[in-house]
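A.B. asks: Just one file: entry-v1.cif, with mmCIF, C-alpha atoms.
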```
data_coords
loop_
_atom_site.label_atom_id
_atom_site.label_comp_id
_atom_site.auth_asym_id
_atom_site.auth_seq_id
_atom_site.Cartn_x
_atom_site.Cartn_y
_atom_site.Cartn_z
CA MET L 1 -25.14 -75.06 -234.58
CA THR L 2 -21.51 -74.93 -235.60
CA ASN L 3 -18.56 -74.75 -233.23
CA ARG L 4 -17.82 -71.29 -234.61
CA SER L 5 -21.31 -69.98 -233.79
CA VAL L 6 -21.17 -71.50 -230.29
CA SER L 7 -17.79 -69.88 -229.73
CA GLY L 8 -19.20 -66.60 -230.99
CA ILE L 9 -22.14 -66.76 -228.57
CA PHE L 10 -19.94 -67.54 -225.58
CA GLY L 11 -17.47 -64.92 -226.72
CA ASN L 12 -20.20 -62.28 -226.81
CA ILE L 13 -21.45 -63.35 -223.37
CA PHE L 14 -17.91 -63.17 -222.02
CA ILE L 15 -17.44 -59.70 -223.47
CA ARG L 16 -20.75 -58.53 -221.96
CA VAL L 17 -19.77 -59.93 -218.56
CA LEU L 18 -16.44 -58.14 -218.75
CA SER L 19 -18.20 -54.95 -219.78
CA VAL L 20 -20.57 -55.16 -216.81
CA GLN L 21 -17.67 -55.82 -214.45
CA ALA L 22 -15.67 -52.97 -215.94
CA ALA L 23 -18.62 -50.62 -215.61
CA LYS L 24 -19.08 -51.67 -211.98
CA ILE L 25 -15.40 -51.07 -211.24
CA LEU L 26 -15.52 -47.67 -212.93
CA LYS L 27 -18.65 -46.72 -210.98
CA GLU L 28 -17.10 -47.82 -207.67
CA SER L 29 -13.96 -45.89 -208.51
CA ALA L 30 -16.00 -42.80 -209.42
CA ASP L 31 -18.08 -43.15 -206.23
CA SER L 32 -14.92 -43.47 -204.16
CA GLY L 33 -13.46 -40.38 -205.81
CA SER L 34 -16.67 -38.44 -205.22
CA VAL L 35 -16.79 -39.43 -201.55
CA SER L 36 -13.16 -38.43 -201.04
CA ARG L 37 -13.79 -35.01 -202.61
CA ILE L 38 -16.97 -34.51 -200.60
CA LEU L 39 -15.23 -35.39 -197.32
CA ALA L 40 -12.25 -33.13 -198.10
CA ALA L 41 -14.50 -30.20 -199.04
CA ALA L 42 -16.71 -30.69 -196.00
CA GLU L 43 -13.72 -30.90 -193.66
CA MET L 44 -12.28 -27.65 -194.98
CA LEU L 45 -15.56 -25.70 -194.92
CA PHE L 46 -16.68 -27.01 -191.53
CA ALA L 47 -13.28 -26.13 -190.05
CA GLU L 48 -13.35 -22.62 -191.49
CA GLN L 49 -16.98 -21.71 -190.81
CA GLY L 50 -18.46 -24.17 -188.34
CA PHE L 51 -21.27 -26.65 -188.81
CA ASP L 52 -24.22 -24.27 -188.83
CA ALA L 53 -22.71 -21.79 -191.30
CA VAL L 54 -21.95 -24.34 -194.01
CA SER L 55 -24.61 -25.37 -196.52
CA MET L 56 -24.75 -28.58 -198.48
CA SER L 57 -24.77 -26.47 -201.65
CA ALA L 58 -21.46 -24.90 -200.65
CA ILE L 59 -19.94 -28.33 -200.00
CA ALA L 60 -21.20 -29.60 -203.37
CA GLU L 61 -19.69 -26.62 -205.16
CA LYS L 62 -16.37 -27.01 -203.35
CA ALA L 63 -16.26 -30.75 -204.10
CA GLY L 64 -17.30 -30.34 -207.74
CA VAL L 65 -20.35 -32.59 -207.39
CA SER L 66 -24.10 -32.09 -207.30
CA LYS L 67 -25.99 -31.77 -204.03
CA ALA L 68 -27.94 -34.89 -205.04
CA ASN L 69 -24.64 -36.75 -205.25
CA ILE L 70 -23.86 -35.82 -201.66
CA PHE L 71 -27.24 -37.09 -200.48
CA HIS L 72 -26.66 -40.29 -202.46
CA HIS L 73 -23.72 -41.04 -200.13
CA PHE L 74 -24.80 -39.28 -196.93
CA SER L 75 -28.35 -39.19 -195.60
CA SER L 76 -28.05 -35.77 -193.97
CA LYS L 77 -25.69 -32.92 -193.21
CA ASN L 78 -25.13 -34.36 -189.73
CA ALA L 79 -24.31 -37.77 -191.22
CA LEU L 80 -21.72 -36.12 -193.45
CA TYR L 81 -20.33 -34.24 -190.47
CA MET L 82 -19.89 -37.45 -188.49
CA ALA L 83 -18.34 -39.14 -191.53
CA VAL L 84 -15.74 -36.37 -191.74
CA PHE L 85 -14.68 -37.14 -188.17
CA GLY L 86 -14.81 -40.88 -188.76
CA SER L 87 -12.54 -40.59 -191.78
CA ALA L 88 -9.99 -38.67 -189.73
CA CYS L 89 -10.10 -41.28 -186.96
CA LYS L 90 -9.18 -44.10 -189.31
CA GLU L 91 -5.47 -43.21 -189.25
CA SER L 92 -5.46 -43.04 -185.47
CA ARG L 93 -7.21 -46.41 -185.27
CA GLU L 94 -4.56 -47.98 -187.51
CA ARG L 95 -1.84 -46.47 -185.32
CA LEU L 96 -3.45 -47.99 -182.24
CA GLU L 97 -3.64 -51.40 -183.91
CA LEU L 98 0.11 -51.24 -184.59
CA LEU L 99 0.72 -50.19 -180.99
CA GLU L 100 -1.29 -53.16 -179.78
CA SER L 101 0.32 -55.77 -182.07
CA SER L 102 3.98 -54.72 -181.77
CA ASP L 103 6.43 -56.91 -179.83
CA ASP L 104 8.57 -53.94 -178.74
CA ASN L 105 8.58 -52.85 -175.11
CA PHE L 106 5.76 -50.61 -174.01
CA VAL L 107 7.80 -47.41 -173.71
CA GLU L 108 9.03 -47.70 -177.31
CA ARG L 109 5.51 -48.37 -178.56
CA LEU L 110 4.01 -45.50 -176.58
CA THR L 111 6.74 -43.18 -177.87
CA ARG L 112 5.93 -44.08 -181.48
CA PHE L 113 2.23 -43.58 -180.85
CA ALA L 114 2.76 -40.17 -179.22
CA ASN L 115 4.98 -39.04 -182.10
CA GLY L 116 2.53 -40.30 -184.71
CA HIS L 117 -0.48 -38.80 -182.97
CA LEU L 118 1.14 -35.36 -182.78
CA GLN L 119 2.27 -35.54 -186.40
CA ALA L 120 -1.24 -36.48 -187.49
CA ILE L 121 -2.70 -33.47 -185.67
CA LEU L 122 -0.19 -31.15 -187.33
CA GLU L 123 -0.70 -32.66 -190.79
CA HIS L 124 -4.51 -32.59 -190.52
CA SER L 125 -4.81 -29.11 -189.06
CA ASN L 126 -8.26 -28.53 -190.56
CA MET L 127 -9.62 -31.52 -188.70
CA ALA L 128 -7.95 -30.50 -185.44
CA ARG L 129 -9.44 -27.01 -185.72
CA LEU L 130 -12.84 -28.48 -186.55
CA VAL L 131 -12.83 -30.67 -183.43
CA LEU L 132 -11.73 -27.81 -181.18
CA ARG L 133 -14.23 -25.40 -182.71
CA ASP L 134 -17.11 -27.83 -182.28
CA LEU L 135 -16.24 -28.71 -178.69
CA LEU L 136 -15.91 -25.05 -177.71
CA GLU L 137 -19.08 -23.91 -179.47
CA ASN L 138 -21.32 -26.96 -179.16
CA GLY L 139 -19.73 -29.18 -176.52
CA ALA L 140 -22.89 -29.68 -174.50
CA ASP L 141 -24.90 -30.72 -177.57
CA ARG L 142 -22.24 -32.46 -179.63
CA GLY L 143 -20.02 -34.07 -176.97
CA LYS L 144 -22.11 -37.23 -176.59
CA ASP L 145 -22.28 -37.84 -180.35
CA LEU L 146 -18.55 -37.29 -180.83
CA ALA L 147 -17.73 -39.57 -177.90
CA GLU L 148 -20.04 -42.41 -178.92
CA GLN L 149 -19.78 -42.26 -182.72
CA VAL L 150 -16.26 -40.97 -183.34
CA PHE L 151 -13.59 -40.76 -180.65
CA GLY L 152 -14.84 -43.17 -177.99
CA PRO L 153 -13.65 -46.45 -179.54
CA ASN L 154 -10.13 -45.14 -180.16
CA PHE L 155 -9.89 -43.69 -176.66
CA ALA L 156 -11.12 -46.96 -175.13
CA LYS L 157 -8.53 -48.85 -177.18
CA LEU L 158 -5.71 -46.58 -175.96
CA VAL L 159 -6.84 -47.02 -172.34
CA GLU L 160 -6.92 -50.80 -172.79
CA ILE L 161 -3.40 -50.81 -174.27
CA ILE L 162 -2.11 -48.78 -171.30
CA ARG L 163 -3.88 -51.16 -168.94
CA SER L 164 -2.20 -54.12 -170.65
CA GLY L 165 1.18 -52.45 -170.06
CA GLN L 166 0.31 -52.29 -166.38
CA ALA L 167 -0.66 -55.95 -166.36
CA ARG L 168 2.75 -56.87 -167.81
CA GLY L 169 4.58 -54.86 -165.17
CA GLU L 170 5.82 -52.24 -167.66
CA LEU L 171 3.87 -49.40 -166.01
CA ARG L 172 2.86 -48.60 -162.45
CA THR L 173 -0.42 -50.20 -161.49
CA ASP L 174 -1.47 -47.40 -159.11
CA VAL L 175 -2.17 -44.86 -161.85
CA ASP L 176 -5.42 -44.43 -163.76
CA PRO L 177 -4.86 -45.54 -167.39
CA ALA L 178 -7.62 -43.19 -168.57
CA MET L 179 -5.74 -40.26 -166.99
CA VAL L 180 -2.55 -41.31 -168.79
CA ALA L 181 -4.45 -41.37 -172.09
CA VAL L 182 -6.01 -37.95 -171.43
CA MET L 183 -2.65 -36.40 -170.51
CA LEU L 184 -0.96 -37.77 -173.62
CA ILE L 185 -3.70 -36.52 -175.96
CA ALA L 186 -4.04 -33.19 -174.15
CA ALA L 187 -0.30 -32.48 -174.35
CA ASN L 188 -0.34 -32.98 -178.13
CA VAL L 189 -3.48 -30.88 -178.59
CA TYR L 190 -1.96 -28.04 -176.56
CA PHE L 191 1.19 -28.09 -178.68
CA PHE L 192 -0.97 -27.72 -181.78
CA GLU L 193 -2.97 -24.87 -180.26
CA ALA L 194 -0.07 -22.92 -178.73
CA ARG L 195 2.81 -23.57 -181.10
CA GLU L 196 2.79 -20.07 -182.59
CA LEU L 197 2.95 -18.66 -179.05
CA LEU L 198 5.52 -21.10 -177.70
CA ARG L 199 8.08 -20.35 -180.40
CA HIS L 200 8.39 -16.79 -179.01
CA PHE L 201 9.26 -17.91 -175.48
CA PRO L 202 13.08 -17.84 -175.06
CA ALA L 203 13.02 -20.80 -172.67
CA VAL L 204 11.19 -23.04 -175.13
CA ASP L 205 13.50 -24.94 -177.49
CA PHE L 206 10.97 -27.39 -178.96
CA ALA L 207 8.30 -25.29 -180.68
CA ASP L 208 9.75 -25.98 -184.13
CA ASP L 209 10.67 -29.59 -183.38
CA PRO L 210 7.57 -31.72 -182.69
CA GLN L 211 9.63 -34.89 -182.20
CA HIS L 212 11.79 -33.19 -179.59
CA TYR L 213 8.65 -31.93 -177.84
CA SER L 214 7.09 -35.39 -177.92
CA ALA L 215 10.22 -37.02 -176.47
CA LYS L 216 10.42 -34.49 -173.62
CA MET L 217 6.72 -34.78 -172.89
CA LEU L 218 6.88 -38.57 -172.74
CA GLN L 219 9.99 -38.54 -170.57
CA LEU L 220 8.23 -36.24 -168.13
CA MET L 221 5.10 -38.39 -168.15
CA LEU L 222 7.04 -41.59 -167.54
CA HIS L 223 9.51 -40.32 -164.93
CA GLY L 224 7.75 -37.36 -163.29
CA ILE L 225 9.34 -34.20 -161.89
CA LEU L 226 10.32 -35.31 -158.39
CA PRO L 227 13.92 -36.32 -157.65
CA GLN L 228 14.39 -40.06 -157.97
CA GLU L 229 15.17 -40.59 -154.27
CA THR L 230 11.94 -38.90 -153.13
CA LYS L 231 9.57 -40.72 -155.44
#
```
Would you mind writing the structure in this file as structure tokens?
C.D. replies:
Amino acid sequence: MTNRSVSGIFGNIFIRVLSVQAAKILKESADSGSVSRILAAAEMLFAEQGFDAVSMSAIAEKAGVSKANIFHHFSSKNALYMAVFGSACKESRERLELLESSDDNFVERLTRFANGHLQAILEHSNMARLVLRDLLENGADRGKDLAEQVFGPNFAKLVEIIRSGQARGELRTDVDPAMVAVMLIAANVYFFEARELLRHFPAVDFADDPQHYSAKMLQLMLHGILPQETK
């Protein structure tokens, strides 16, 4: 066998290997694109109509994929539903990781988290509406699943970060860190829910300025409403 024929054989093998790798990359890219479209379509339809009213066929049509393609990625409608929530929680989880790893003082870190959390709610309004709709309509049935599979880890992480601030002497140790986390989240959720109402109250100057609202809310949470000398 000549050197040329050997080179030709190895060259053909190399080309086939590259072709297989390229095909794999293209498939992964296509799968990723399909999943993103499915999640986006499901989020929009679930938020608009609720879980029970949305069919897998409607999601497939909205996403521009076949129903079989959806079931290739998600075992059931409920699995897709939980994946929609999980996808939305990823950004919040990354924000918490930054909060945990930063060297800034706790107040600065908590301020950034509160601002980012509120902005995320406003930017992902479909998801916020979906969560609120599901809790109001199906809280007794869905609450456990949402807590354990979706929101629980992020909430536990936030509580732990607040507790670490207490341990370093940056926050009072006589307050419940879980209550602090609930109040922070609840304040942002209420702003999202009531913004269109708040902007018509003459005394409210923050309805169109989420950052201003967040700063005032955090100042109130950190310093309270009692005069300094009586606290």
A.B. asks: Would you please work out which residue, of L:Ala128, L:Leu122, L:Phe206, L:Met221, is nearest to L:Met179 when using all atoms listed in the file?
C.D. replies: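 Under the stated criterion, the closest residue is L:Met221.
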A.B. asks: Sorted by chain and rising residue number, list the residues of stretch 168-206 of chain L at most 12 Å from stretch 99-118 of chain L (counting all atoms listed in the file), each with its closest atom pair and distance in Å to one decimal, as CSV.
C.D. replies:
```
residue,atom,partner,partner_atom,distance
L:Arg168,CA,L:Phe106,CA,9.3
L:Gly169,CA,L:Phe106,CA,9.9
L:Glu170,CA,L:Phe106,CA,6.6
L:Leu171,CA,L:Phe106,CA,8.3
L:Val180,CA,L:Leu110,CA,11.0
L:Ala181,CA,L:Ala114,CA,10.2
L:Val182,CA,L:Ala114,CA,11.9
L:Met183,CA,L:Ala114,CA,10.9
L:Leu184,CA,L:Ala114,CA,7.1
L:Ile185,CA,L:His117,CA,8.0
L:Ala186,CA,L:Leu118,CA,10.3
L:Ala187,CA,L:Leu118,CA,9.0
L:Asn188,CA,L:Leu118,CA,5.4
L:Val189,CA,L:Leu118,CA,7.7
L:Tyr190,CA,L:Leu118,CA,10.1
L:Phe191,CA,L:Leu118,CA,8.3
L:Phe192,CA,L:Leu118,CA,8.0
L:Glu193,CA,L:Leu118,CA,11.5
```
A.B. asks: When the PyMOL selection byres ((chain L and resi 52) around 12) is applied to the file above, which residues end up in the set, as a PyMOL selection string?
C.D. replies: chain L and resi 45-51+53-56+77-78+81+133-134+137-138
A.B. asks: How many Å separate atom CA of L:Leu130 from atom CA of L:Gln149?
C.D. replies: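 Going from atom CA of L:Leu130 over to atom CA of L:Gln149 covers 15.9 Å.
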A.B. asks: What would the selection look like, as a list in words, if the PyMOL selection byres ((chain L and resi 68-75) around 10) were run on the coordinates I just shared?
C.D. replies: Asp31, Ser32, Ser34, Val35, Ile38, Leu39, Met56, Ser57, Ile59, Ala60, Ala63, Val65, Ser66, Lys67, Ser76, Lys77, Asn78, Ala79, Leu80, Tyr81, Met82 and Ala83 of chain L
A.B. asks: Quote the spacing between atom CA of L:Gln166 and atom CA of L:Leu220 in Å to one decimal place.
C.D. replies: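 Between atom CA of L:Gln166 and atom CA of L:Leu220 the gap works out to 18.0 Å.
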A.B. asks: With distances taken over all atoms listed in the file, which of L:Leu222, L:Ile121, L:Ala207, L:Ala58 is nearest to L:Ala88?
C.D. replies: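 Smallest separation from L:Ala88 among the options: L:Ile121.
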